[in-house]
Structure formats: structure tokens, C-alpha cells
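Heads up, entry.tsv below (TSV, C-alpha atoms and all ligand atoms):
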chain	number	residue	atom	x	y	z
S	25	MET	CA	-31.22	0.60	5.18
S	26	ASN	CA	-28.03	0.10	7.21
S	27	THR	CA	-27.01	3.69	7.96
S	28	SER	CA	-23.84	2.70	9.84
S	29	VAL	CA	-22.46	1.08	6.67
S	30	ILE	CA	-23.47	4.11	4.62
S	31	GLU	CA	-21.85	6.44	7.14
S	32	ALA	CA	-18.65	4.37	7.06
S	33	ILE	CA	-18.56	4.62	3.26
S	34	GLU	CA	-19.18	8.36	3.35
S	35	ARG	CA	-16.53	8.95	6.03
S	36	GLN	CA	-13.87	7.04	4.11
S	37	LYS	CA	-10.79	9.18	3.61
S	38	THR	CA	-7.20	8.40	2.75
S	39	THR	CA	-4.81	9.06	5.65
S	40	ASN	CA	-1.76	11.21	5.02
S	41	LEU	CA	-0.35	11.52	8.53
S	42	TYR	CA	0.00	8.61	10.97
S	43	ASP	CA	0.89	8.67	14.64
S	44	ALA	CA	4.20	6.81	14.42
S	45	SER	CA	4.26	6.26	18.19
S	46	LYS	CA	1.18	3.99	18.10
S	47	SER	CA	1.47	0.36	17.11
S	48	ILE	CA	-1.40	-2.06	16.51
S	49	PRO	CA	-1.50	-5.37	18.40
S	50	ASP	CA	-1.14	-8.47	16.23
S	51	ASP	CA	-4.66	-9.56	17.24
S	52	GLU	CA	-6.04	-6.37	15.71
S	53	ILE	CA	-4.03	-6.99	12.53
S	54	ARG	CA	-5.45	-10.52	12.36
S	55	GLU	CA	-8.97	-9.13	12.86
S	56	LEU	CA	-8.45	-6.65	10.03
S	57	VAL	CA	-7.42	-9.46	7.69
S	58	ARG	CA	-10.24	-11.71	8.90
S	59	LEU	CA	-12.76	-9.01	8.02
S	60	ALA	CA	-11.05	-8.28	4.69
S	61	THR	CA	-11.37	-11.93	3.67
S	62	PHE	CA	-15.16	-11.57	3.61
S	63	SER	CA	-14.54	-9.81	0.28
S	64	PRO	CA	-15.53	-11.84	-2.78
S	65	THR	CA	-13.20	-13.68	-5.19
S	66	ALA	CA	-13.92	-15.39	-8.49
S	67	PHE	CA	-14.76	-19.10	-7.97
S	68	HIS	CA	-14.13	-18.39	-4.26
S	69	LEU	CA	-10.43	-18.80	-5.10
S	70	GLN	CA	-9.34	-16.56	-2.19
S	71	ASN	CA	-6.18	-16.05	-4.22
S	72	TRP	CA	-4.76	-13.31	-2.04
S	73	ARG	CA	-2.21	-12.86	0.72
S	74	PHE	CA	-1.92	-9.97	3.13
S	75	ILE	CA	1.71	-9.57	4.12
S	76	ALA	CA	1.74	-7.52	7.32
S	77	VAL	CA	4.93	-5.46	7.41
S	78	ARG	CA	5.19	-4.11	10.95
S	79	SER	CA	8.73	-4.40	12.35
S	80	PRO	CA	10.86	-1.24	12.07
S	81	GLU	CA	13.47	-3.15	10.05
S	82	ALA	CA	10.93	-4.55	7.55
S	83	LYS	CA	9.16	-1.19	7.27
S	84	ALA	CA	12.46	0.53	6.42
S	85	ARG	CA	13.17	-2.09	3.73
S	86	LEU	CA	9.71	-1.61	2.29
S	87	ARG	CA	9.94	2.17	2.33
S	88	ALA	CA	13.20	1.98	0.33
S	89	VAL	CA	11.30	0.30	-2.54
S	90	ALA	CA	8.11	2.36	-2.06
S	91	ALA	CA	9.24	5.73	-3.38
S	92	ASP	CA	10.50	6.61	0.12
S	93	GLN	CA	6.91	7.27	1.22
S	94	PRO	CA	6.99	8.20	4.96
S	95	LYS	CA	3.62	6.50	5.56
S	96	VAL	CA	5.29	3.12	5.18
S	97	THR	CA	7.39	3.64	8.30
S	98	GLU	CA	4.96	5.88	10.20
S	99	ALA	CA	1.84	3.70	9.91
S	100	ALA	CA	1.70	0.82	12.38
S	101	VAL	CA	1.49	-1.70	9.56
S	102	THR	CA	1.66	-1.72	5.79
S	103	PHE	CA	0.13	-4.66	4.01
S	104	ILE	CA	1.74	-5.88	0.82
S	105	MET	CA	-1.37	-6.97	-1.04
S	106	VAL	CA	-0.48	-9.99	-3.12
S	107	GLY	CA	-2.67	-11.76	-5.65
S	108	GLU	CA	-1.91	-15.33	-6.72
S	109	LEU	CA	-2.12	-15.86	-10.45
S	110	ALA	CA	-5.45	-17.65	-10.91
S	111	VAL	CA	-5.21	-21.35	-11.78
S	112	ALA	CA	-7.80	-24.15	-11.64
S	113	ASP	CA	-5.72	-26.77	-9.86
S	114	VAL	CA	-6.10	-25.11	-6.44
S	115	MET	CA	-9.90	-25.23	-6.71
S	116	ALA	CA	-10.53	-28.44	-4.71
S	117	ASP	CA	-8.41	-27.08	-1.88
S	118	ARG	CA	-10.10	-23.66	-1.88
S	119	LEU	CA	-13.63	-25.14	-2.02
S	120	ALA	CA	-13.00	-27.83	0.60
S	121	GLY	CA	-14.31	-25.60	3.40
S	122	SER	CA	-17.51	-24.82	1.51
S	123	VAL	CA	-18.07	-28.52	0.78
S	124	ALA	CA	-17.42	-29.50	4.40
S	125	ALA	CA	-19.80	-26.78	5.66
S	126	GLY	CA	-22.55	-27.95	3.30
S	127	PHE	CA	-22.59	-24.85	1.11
S	128	MET	CA	-21.66	-26.84	-1.96
S	129	PRO	CA	-22.22	-30.49	-2.94
S	130	VAL	CA	-18.89	-32.20	-3.62
S	131	GLU	CA	-20.16	-33.18	-7.11
S	132	MET	CA	-20.11	-29.51	-8.09
S	133	VAL	CA	-16.35	-29.12	-7.61
S	134	PRO	CA	-15.23	-30.73	-10.93
S	135	GLY	CA	-17.61	-28.43	-12.83
S	136	TRP	CA	-16.08	-25.37	-11.19
S	137	GLU	CA	-12.60	-26.73	-11.92
S	138	ALA	CA	-13.47	-27.18	-15.59
S	139	ALA	CA	-14.92	-23.67	-15.81
S	140	ALA	CA	-11.84	-22.14	-14.17
S	141	LYS	CA	-9.54	-24.15	-16.41
S	142	SER	CA	-11.25	-22.93	-19.55
S	143	LEU	CA	-11.02	-19.35	-18.25
S	144	TYR	CA	-7.42	-19.31	-17.00
S	145	PHE	CA	-5.39	-22.17	-18.56
S	146	GLU	CA	-2.52	-20.80	-20.65
S	147	LYS	CA	-4.02	-17.31	-20.43
S	148	PRO	CA	-1.40	-15.35	-18.49
S	149	GLN	CA	-3.13	-12.00	-18.93
S	150	THR	CA	-6.42	-13.33	-17.52
S	151	GLN	CA	-4.58	-15.06	-14.64
S	152	ARG	CA	-2.84	-11.80	-13.80
S	153	ASP	CA	-6.01	-9.72	-14.10
S	154	GLU	CA	-7.75	-12.08	-11.67
S	155	ALA	CA	-4.87	-11.85	-9.20
S	156	ILE	CA	-5.06	-8.07	-9.27
S	157	ARG	CA	-8.87	-8.05	-9.01
S	158	SER	CA	-8.88	-10.36	-5.99
S	159	ALA	CA	-6.15	-8.52	-4.11
S	160	THR	CA	-7.82	-5.19	-4.85
S	161	PHE	CA	-11.16	-6.41	-3.48
S	162	GLY	CA	-9.24	-7.65	-0.43
S	163	ALA	CA	-7.60	-4.25	0.03
S	164	SER	CA	-10.96	-2.53	-0.28
S	165	GLY	CA	-12.47	-4.80	2.39
S	166	LEU	CA	-9.48	-4.15	4.61
S	167	ILE	CA	-9.82	-0.37	4.19
S	168	HIS	CA	-13.47	-0.43	5.29
S	169	ALA	CA	-12.75	-2.82	8.16
S	170	ALA	CA	-9.93	-0.56	9.34
S	171	GLN	CA	-12.20	2.43	9.28
S	172	ALA	CA	-14.81	0.63	11.34
S	173	MET	CA	-12.04	-0.21	13.83
S	174	GLY	CA	-11.02	3.44	14.13
S	175	LEU	CA	-7.88	3.19	12.01
S	176	GLY	CA	-6.74	5.28	9.07
S	177	THR	CA	-5.56	3.68	5.82
S	178	THR	CA	-3.65	4.57	2.67
S	179	PRO	CA	-3.75	2.51	-0.52
S	180	MET	CA	-0.45	2.97	-2.37
S	181	ILE	CA	0.64	2.26	-5.91
S	182	GLY	CA	3.86	4.22	-5.44
S	183	PHE	CA	6.25	1.26	-5.18
S	184	ASP	CA	8.61	-0.81	-7.30
S	185	PRO	CA	7.00	-4.27	-7.66
S	186	VAL	CA	10.29	-5.93	-8.61
S	187	GLY	CA	12.02	-4.38	-5.58
S	188	VAL	CA	9.16	-5.40	-3.23
S	189	SER	CA	9.23	-8.98	-4.55
S	190	ARG	CA	13.00	-9.11	-4.13
S	191	GLU	CA	13.06	-7.61	-0.62
S	192	PHE	CA	10.29	-9.88	0.66
S	193	SER	CA	11.35	-13.04	-1.23
S	194	LEU	CA	7.88	-13.39	-2.67
S	195	SER	CA	8.61	-15.85	-5.45
S	196	ALA	CA	10.74	-18.03	-3.17
S	197	SER	CA	8.56	-17.80	-0.05
S	198	ALA	CA	7.56	-21.15	1.44
S	199	ASP	CA	4.19	-19.64	2.30
S	200	PHE	CA	3.31	-19.35	-1.34
S	201	GLY	CA	4.22	-22.92	-2.22
S	202	ARG	CA	4.34	-23.16	-5.98
S	203	ALA	CA	1.89	-20.30	-6.48
S	204	ARG	CA	3.02	-17.53	-8.78
S	205	VAL	CA	2.12	-14.17	-7.36
S	206	ARG	CA	1.72	-10.55	-8.28
S	207	VAL	CA	2.24	-7.63	-5.90
S	208	THR	CA	-0.89	-5.55	-6.41
S	209	LEU	CA	-0.98	-2.73	-3.93
S	210	LEU	CA	0.42	-1.55	-0.63
S	211	THR	CA	-2.08	-0.56	2.05
S	212	SER	CA	-0.94	1.18	5.22
S	213	ALA	CA	-3.08	1.13	8.37
S	214	GLY	CA	-2.58	2.87	11.68
S	215	ARG	CA	-3.73	5.48	14.14
S	216	VAL	CA	-4.28	8.85	12.53
S	217	SER	CA	-2.16	11.71	13.74
S	218	HIS	CA	-3.77	14.97	14.83
S	219	GLN	CA	-2.03	18.30	15.07
S	220	PRO	CA	-0.47	18.59	18.54
S	221	ARG	CA	-2.52	20.45	21.17
S	222	ARG	CA	-1.26	22.56	24.06
S	223	THR	CA	-1.15	20.68	27.35
S	224	LEU	CA	-4.49	20.33	29.12
S	225	GLY	CA	-3.14	22.36	32.05
S	226	ARG	CA	-2.91	25.34	29.71
S	227	SER	CA	-6.39	24.84	28.31
S	228	VAL	CA	-8.70	23.90	31.17
S	229	VAL	CA	-9.77	26.44	33.80
S	230	TRP	CA	-11.34	25.20	37.07
Q	301	LIG	C1	-4.77	2.58	-6.61
Q	301	LIG	C2	-4.44	3.72	-5.69
Q	301	LIG	C3	-3.12	4.10	-5.53
Q	301	LIG	C4	-2.77	5.11	-4.65
Q	301	LIG	N1	-1.45	5.38	-4.42
Q	301	LIG	C5	-1.11	6.26	-3.46
Q	301	LIG	C6	0.25	6.42	-3.09
Q	301	LIG	O1	1.17	5.79	-3.62
Q	301	LIG	N2	0.55	7.31	-2.09
Q	301	LIG	C7	-0.43	8.03	-1.45
Q	301	LIG	O2	-0.09	8.80	-0.55
Q	301	LIG	N3	-1.74	7.88	-1.77
Q	301	LIG	C8	-2.11	7.00	-2.75
Q	301	LIG	N4	-3.44	6.80	-3.05
Q	301	LIG	C9	-4.45	7.58	-2.32
Q	301	LIG	C10	-5.14	8.60	-3.22
Q	301	LIG	O3	-4.26	9.67	-3.48
Q	301	LIG	C11	-6.45	9.07	-2.55
Q	301	LIG	O4	-7.30	7.98	-2.43
Q	301	LIG	C12	-7.12	10.18	-3.34
Q	301	LIG	O5	-6.35	11.34	-3.26
Q	301	LIG	C13	-8.53	10.48	-2.87
Q	301	LIG	O6	-8.56	10.84	-1.51
Q	301	LIG	P1	-9.61	10.14	-0.52
Q	301	LIG	O7	-9.28	8.65	-0.53
Q	301	LIG	O8	-9.36	10.78	0.81
Q	301	LIG	O9	-10.97	10.42	-1.07
Q	301	LIG	C14	-3.78	5.81	-3.94
Q	301	LIG	C15	-5.13	5.44	-4.12
Q	301	LIG	C16	-5.45	4.40	-4.97
Q	301	LIG	C17	-6.89	3.97	-5.10

Target format C-alpha cells, applied to this file:
Amino acid sequence: MNTSVIEAIERQKTTNLYDASKSIPDDEIRELVRLATFSPTAFHLQNWRFIAVRSPEAKARLRAVAADQPKVTEAAVTFIMVGELAVADVMADRLAGSVAAGFMPVEMVPGWEAAAKSLYFEKPQTQRDEAIRSATFGASGLIHAAQAMGLGTTPMIGFDPVGVSREFSLSASADFGRARVRVTLLTSAGRVSHQPRRTLGRSVVW
């Protein structure tokens, strides 16, 4: 039994107060996302994007469409968790790494494409459900990774999805190519704030 994983699960707690003076280096943000992407997705579609909102200007724009929640500006970063609507025609691209690494024979790919097509083609509700499932698994992985890295997190549904899409040009973004996307969740991450203590000089006696 891996007790460190169990302890991390048991210690999990949503953060309400962040230390706004502490940023997180971009390398740490990348590491968080790298760990989050170990989360599973249907057909290994990896149909998620983690938009890291970390500049003061972008955080203020996000907060304005996130019910004015202070965590959005106080946390070092807030991820806009985006799920791509699930479609079969990205399958070859998404499985290419697995084929190249020998996890999957190339002959299997058309079968997976056919299965995904029968599940998602012209089924907007199923496509949307899959987008939300994938991005939610991603957020969950990110939350546990953040905890292991000593960071607090807050998942947030208090936001206006139309406003977030507009402010961050999600439908028009070059990064998303032709993919149609769904904003699923916001997830803040940052150093947790503790109640201020008196200066050490007033506490320690030599
Ligand atoms: C889908 C979802 C949406 C949430 N939305 C918000 C939110 O908008 N703002 C917030 O401060 N907390 C939000 N939370 C955090 C919950 O309030 C928190 O997880 C719950 O109170 C339980 O506390 P715990 O995570 O410390 O056990 C959300 C949690 C989830 C899972």
C-alpha cells in the first residue's frame, strides 16, 4: 500500500486564502500540467487544454467574469480548464505517440477511429460530456499534483463560461485550431496564506 498517496488524498483541502505576494515559476506551472496529463482520457484523446492565467492583467480580466472571486487574482495562477469536444478525426494524431513508442500497433488505429466515430459523430451531447469528463479528470490530477508540490488549489464553477470564452478568445484561438471547446472549470493554484505571526524578535527568547 502506498501510504504517501493515501496521505495526499486524505490531506486534500480546498484553499480559501492565497498568499498573493508569492508567484510560481513557469517551470513549476509546466510541471503541474505535466503531472496532470497523466490523468486518463477516453480513447487517449487528451482532449484538454490548461490555460495558465498568471499575469496581473489576465487575472483581473478573468476575475471580472468569475463572480469577482478574489482567489482568481490572489492565487499565483488560475487554470482555465478547457475540454475539446470529442471527435474521431483527431485520433491518428493523438495516438501517434503511442504507436511510435510501441504501445499500440498502427493497425489498431482505424479500429479506434471507427469506435470513436460511432460514439461521437453527430452526437453533440456526448461530445460535450466527453470534453467535460476529460477536463475534469485533468483538473483532478492537477489538484493532487499541486498538493504534492506543496501548493493549495481551488476548483471553481463560479464563472460565466460565455464571458471566459470571450475574454480569452477561446473559439478563435490559433492554439485550438479547428477544435470546438468547452470551458469546464477554473482551478486556482498557489501558496497558501497563513494568519500573520508576530515578528520572531518578539517571540524568541535567548
Ligand atoms: C465543481 C466544483 C466547483 C466549485 N466551485 C467553487 C467556487 O466557485 N468557489 C470556491 O471558492 N470554491 C469552489 N469549490 C470548492 C468547494 O466549495 C469545496 O471543494 C468544498 O467546500 C469542500 O471542501 P474541501 O475541498 O476542502 O473538502 C468547488 C468545488 C467543486 C468540486

Legend entry - Point-to-point distance in Å for CA of Val57 in chain S and CA of Ser189 in chain S: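 Result for CA of Ser189 in chain S versus CA of Val57 in chain S: 20.7 Å, one decimal.
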
Legend entry - Nearby residues (all atoms listed in the file) at most 12 Å from range 113-129 of chain S, same-chain spacing under 5 positions excluded, as a VMD selection string: chain S and resid 65 to 72 108 134 to 142 144 to 145 201 to 203

Legend entry - Of the listed residues S:Ala76, S:Ala82, S:Ala112, S:Met105, that which approaches Leu143 in chain S most closely, counting only C-alpha atoms: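 Using only C-alpha atoms, the shortest distance to Leu143 in chain S belongs to S:Ala112.
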
Inset, instruction - For each of S:Arg54, S:Arg87, S:Lys95, S:Arg221, take the minimum atom-to-atom distance to ligand LIG 301 (chain Q), counting all atoms listed in the file, then give the residue where this is smallest. - result: S:Lys95

Legend entry - Separation of CA of Ser63 in chain S from CA of Thr27 in chain S in Å: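 Going from CA of Thr27 in chain S over to CA of Ser63 in chain S covers 19.9 Å.
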
Inset, instruction - Kindly give the distance, in Å, that separates atom C10 of ligand LIG 301 (chain Q) and CA of Phe192 in chain S, rounded to a single decimal. - result: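 Atom-to-atom, atom C10 of ligand LIG 301 (chain Q) and CA of Phe192 in chain S are spaced 24.4 Å apart.
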
Inset, instruction - Could you give me, as a PyMOL selection string, every polymer residue with an atom at most 12 Å away from an atom of ligand LIG 301 (chain Q), counting all atoms listed in the file? - result: chain S and resi 33-42+87+89-96+99+105+156-157+159-161+163-164+167-168+171+176-184+208-212

May I have the selected residues written with C-alpha atoms, as a PDB file, keeping the file's coordinate frame?
ATOM      1  CA  ILE S  33     -18.560   4.620   3.260  1.00  0.00           C
ATOM      2  CA  GLU S  34     -19.180   8.360   3.350  1.00  0.00           C
ATOM      3  CA  ARG S  35     -16.530   8.950   6.030  1.00  0.00           C
ATOM      4  CA  GLN S  36     -13.870   7.040   4.110  1.00  0.00           C
ATOM      5  CA  LYS S  37     -10.790   9.180   3.610  1.00  0.00           C
ATOM      6  CA  THR S  38      -7.200   8.400   2.750  1.00  0.00           C
ATOM      7  CA  THR S  39      -4.810   9.060   5.650  1.00  0.00           C
ATOM      8  CA  ASN S  40      -1.760  11.210   5.020  1.00  0.00           C
ATOM      9  CA  LEU S  41      -0.350  11.520   8.530  1.00  0.00           C
ATOM     10  CA  TYR S  42       0.000   8.610  10.970  1.00  0.00           C
ATOM     11  CA  ARG S  87       9.940   2.170   2.330  1.00  0.00           C
ATOM     12  CA  VAL S  89      11.300   0.300  -2.540  1.00  0.00           C
ATOM     13  CA  ALA S  90       8.110   2.360  -2.060  1.00  0.00           C
ATOM     14  CA  ALA S  91       9.240   5.730  -3.380  1.00  0.00           C
ATOM     15  CA  ASP S  92      10.500   6.610   0.120  1.00  0.00           C
ATOM     16  CA  GLN S  93       6.910   7.270   1.220  1.00  0.00           C
ATOM     17  CA  PRO S  94       6.990   8.200   4.960  1.00  0.00           C
ATOM     18  CA  LYS S  95       3.620   6.500   5.560  1.00  0.00           C
ATOM     19  CA  VAL S  96       5.290   3.120   5.180  1.00  0.00           C
ATOM     20  CA  ALA S  99       1.840   3.700   9.910  1.00  0.00           C
ATOM     21  CA  MET S 105      -1.370  -6.970  -1.040  1.00  0.00           C
ATOM     22  CA  ILE S 156      -5.060  -8.070  -9.270  1.00  0.00           C
ATOM     23  CA  ARG S 157      -8.870  -8.050  -9.010  1.00  0.00           C
ATOM     24  CA  ALA S 159      -6.150  -8.520  -4.110  1.00  0.00           C
ATOM     25  CA  THR S 160      -7.820  -5.190  -4.850  1.00  0.00           C
ATOM     26  CA  PHE S 161     -11.160  -6.410  -3.480  1.00  0.00           C
ATOM     27  CA  ALA S 163      -7.600  -4.250   0.030  1.00  0.00           C
ATOM     28  CA  SER S 164     -10.960  -2.530  -0.280  1.00  0.00           C
ATOM     29  CA  ILE S 167      -9.820  -0.370   4.190  1.00  0.00           C
ATOM     30  CA  HIS S 168     -13.470  -0.430   5.290  1.00  0.00           C
ATOM     31  CA  GLN S 171     -12.200   2.430   9.280  1.00  0.00           C
ATOM     32  CA  GLY S 176      -6.740   5.280   9.070  1.00  0.00           C
ATOM     33  CA  THR S 177      -5.560   3.680   5.820  1.00  0.00           C
ATOM     34  CA  THR S 178      -3.650   4.570   2.670  1.00  0.00           C
ATOM     35  CA  PRO S 179      -3.750   2.510  -0.520  1.00  0.00           C
ATOM     36  CA  MET S 180      -0.450   2.970  -2.370  1.00  0.00           C
ATOM     37  CA  ILE S 181       0.640   2.260  -5.910  1.00  0.00           C
ATOM     38  CA  GLY S 182       3.860   4.220  -5.440  1.00  0.00           C
ATOM     39  CA  PHE S 183       6.250   1.260  -5.180  1.00  0.00           C
ATOM     40  CA  ASP S 184       8.610  -0.810  -7.300  1.00  0.00           C
ATOM     41  CA  THR S 208      -0.890  -5.550  -6.410  1.00  0.00           C
ATOM     42  CA  LEU S 209      -0.980  -2.730  -3.930  1.00  0.00           C
ATOM     43  CA  LEU S 210       0.420  -1.550  -0.630  1.00  0.00           C
ATOM     44  CA  THR S 211      -2.080  -0.560   2.050  1.00  0.00           C
ATOM     45  CA  SER S 212      -0.940   1.180   5.220  1.00  0.00           C
TER      46      SER S 212
END

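Shortest atom-to-atom contact with Ala32 in chain S among S:Thr150, S:Val130, S:Ala170, S:Val207: S:Ala170, counting all atoms listed in the file.
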
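Distance annotation: of S:Pro80, S:Pro64, S:Pro185, S:Gly107, the residue with the minimal separation from Ser45 in chain S is S:Pro80; atom set is only C-alpha atoms.
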
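Using only C-alpha atoms, the nearest neighbour of Asp199 in chain S within the list S:Val29, S:Ala88, S:Ile75, S:Val229 is S:Ile75.
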
Legend entry - Best match for closeness to Pro148 in chain S among S:Arg73, S:Lys83, S:Val111, S:Gly174, counting all atoms listed in the file: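 Closest to Pro148 in chain S, using all atoms listed in the file: S:Val111.
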
Legend entry - Protein and nucleic acid residues near (12.2, -12.4, 3.5) (cut-off 12 Å, only C-alpha atoms) as a list in words: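 The answer, in the requested form, is Ile75, Val77, Glu81, Ala82, Arg85, Leu86, Val188, Ser189, Arg190, Glu191, Phe192, Ser193, Leu194, Ser195, Ala196, Ser197, Ala198 and Asp199 of chain S.
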
Legend entry - Long-range neighbours of Asp43 in chain S as a list of chain:residue names, 7 Å cut-off, all atoms listed in the file, 6 positions minimum in chain: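 Result of the neighbour search: S:Glu98, S:Ala99, S:Arg215, S:Val216, S:Ser217.
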
Reconstruct N, CA and C atoms of range 66-85 of chain S; output as a PDB file, in the frame of the given file.
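File written: selection-v4.pdb
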ATOM      1  N   ALA S  66     -13.382 -14.536  -7.442  1.00  0.00           N
ATOM      2  CA  ALA S  66     -13.920 -15.390  -8.490  1.00  0.00           C
ATOM      3  C   ALA S  66     -13.747 -16.864  -8.109  1.00  0.00           C
ATOM      4  N   PHE S  67     -14.766 -17.664  -8.310  1.00  0.00           N
ATOM      5  CA  PHE S  67     -14.760 -19.100  -7.970  1.00  0.00           C
ATOM      6  C   PHE S  67     -14.415 -19.337  -6.487  1.00  0.00           C
ATOM      7  N   HIS S  68     -14.529 -18.305  -5.677  1.00  0.00           N
ATOM      8  CA  HIS S  68     -14.130 -18.390  -4.260  1.00  0.00           C
ATOM      9  C   HIS S  68     -12.663 -18.853  -4.134  1.00  0.00           C
ATOM     10  N   LEU S  69     -11.844 -18.383  -5.065  1.00  0.00           N
ATOM     11  CA  LEU S  69     -10.430 -18.800  -5.100  1.00  0.00           C
ATOM     12  C   LEU S  69      -9.635 -18.287  -3.893  1.00  0.00           C
ATOM     13  N   GLN S  70     -10.070 -17.156  -3.340  1.00  0.00           N
ATOM     14  CA  GLN S  70      -9.340 -16.560  -2.190  1.00  0.00           C
ATOM     15  C   GLN S  70      -7.837 -16.478  -2.502  1.00  0.00           C
ATOM     16  N   ASN S  71      -7.568 -16.052  -3.723  1.00  0.00           N
ATOM     17  CA  ASN S  71      -6.180 -16.050  -4.220  1.00  0.00           C
ATOM     18  C   ASN S  71      -5.474 -14.751  -3.847  1.00  0.00           C
ATOM     19  N   TRP S  72      -5.402 -14.526  -2.532  1.00  0.00           N
ATOM     20  CA  TRP S  72      -4.760 -13.310  -2.040  1.00  0.00           C
ATOM     21  C   TRP S  72      -3.922 -13.632  -0.827  1.00  0.00           C
ATOM     22  N   ARG S  73      -2.972 -12.798  -0.530  1.00  0.00           N
ATOM     23  CA  ARG S  73      -2.210 -12.860   0.720  1.00  0.00           C
ATOM     24  C   ARG S  73      -2.033 -11.435   1.204  1.00  0.00           C
ATOM     25  N   PHE S  74      -2.100 -11.288   2.508  1.00  0.00           N
ATOM     26  CA  PHE S  74      -1.920  -9.970   3.130  1.00  0.00           C
ATOM     27  C   PHE S  74      -0.627 -10.036   3.928  1.00  0.00           C
ATOM     28  N   ILE S  75       0.435  -9.512   3.396  1.00  0.00           N
ATOM     29  CA  ILE S  75       1.710  -9.570   4.120  1.00  0.00           C
ATOM     30  C   ILE S  75       1.795  -8.356   5.045  1.00  0.00           C
ATOM     31  N   ALA S  76       1.777  -8.612   6.332  1.00  0.00           N
ATOM     32  CA  ALA S  76       1.740  -7.520   7.320  1.00  0.00           C
ATOM     33  C   ALA S  76       3.169  -7.106   7.668  1.00  0.00           C
ATOM     34  N   VAL S  77       3.579  -5.967   7.160  1.00  0.00           N
ATOM     35  CA  VAL S  77       4.930  -5.460   7.410  1.00  0.00           C
ATOM     36  C   VAL S  77       4.845  -4.511   8.601  1.00  0.00           C
ATOM     37  N   ARG S  78       5.395  -4.923   9.755  1.00  0.00           N
ATOM     38  CA  ARG S  78       5.190  -4.110  10.950  1.00  0.00           C
ATOM     39  C   ARG S  78       6.432  -3.916  11.804  1.00  0.00           C
ATOM     40  N   SER S  79       7.515  -4.655  11.542  1.00  0.00           N
ATOM     41  CA  SER S  79       8.730  -4.400  12.350  1.00  0.00           C
ATOM     42  C   SER S  79       9.452  -3.198  11.759  1.00  0.00           C
ATOM     43  N   PRO S  80      10.146  -2.414  12.605  1.00  0.00           N
ATOM     44  CA  PRO S  80      10.860  -1.240  12.070  1.00  0.00           C
ATOM     45  C   PRO S  80      11.818  -1.608  10.941  1.00  0.00           C
ATOM     46  N   GLU S  81      12.489  -2.747  11.078  1.00  0.00           N
ATOM     47  CA  GLU S  81      13.470  -3.150  10.050  1.00  0.00           C
ATOM     48  C   GLU S  81      12.759  -3.444   8.721  1.00  0.00           C
ATOM     49  N   ALA S  82      11.653  -4.194   8.778  1.00  0.00           N
ATOM     50  CA  ALA S  82      10.930  -4.550   7.550  1.00  0.00           C
ATOM     51  C   ALA S  82      10.287  -3.314   6.929  1.00  0.00           C
ATOM     52  N   LYS S  83       9.781  -2.420   7.796  1.00  0.00           N
ATOM     53  CA  LYS S  83       9.160  -1.190   7.270  1.00  0.00           C
ATOM     54  C   LYS S  83      10.195  -0.345   6.519  1.00  0.00           C
ATOM     55  N   ALA S  84      11.408  -0.266   7.073  1.00  0.00           N
ATOM     56  CA  ALA S  84      12.460   0.530   6.420  1.00  0.00           C
ATOM     57  C   ALA S  84      12.806  -0.087   5.054  1.00  0.00           C
ATOM     58  N   ARG S  85      12.868  -1.425   5.012  1.00  0.00           N
ATOM     59  CA  ARG S  85      13.170  -2.090   3.730  1.00  0.00           C
ATOM     60  C   ARG S  85      12.069  -1.828   2.725  1.00  0.00           C
TER      61      ARG S  85
END
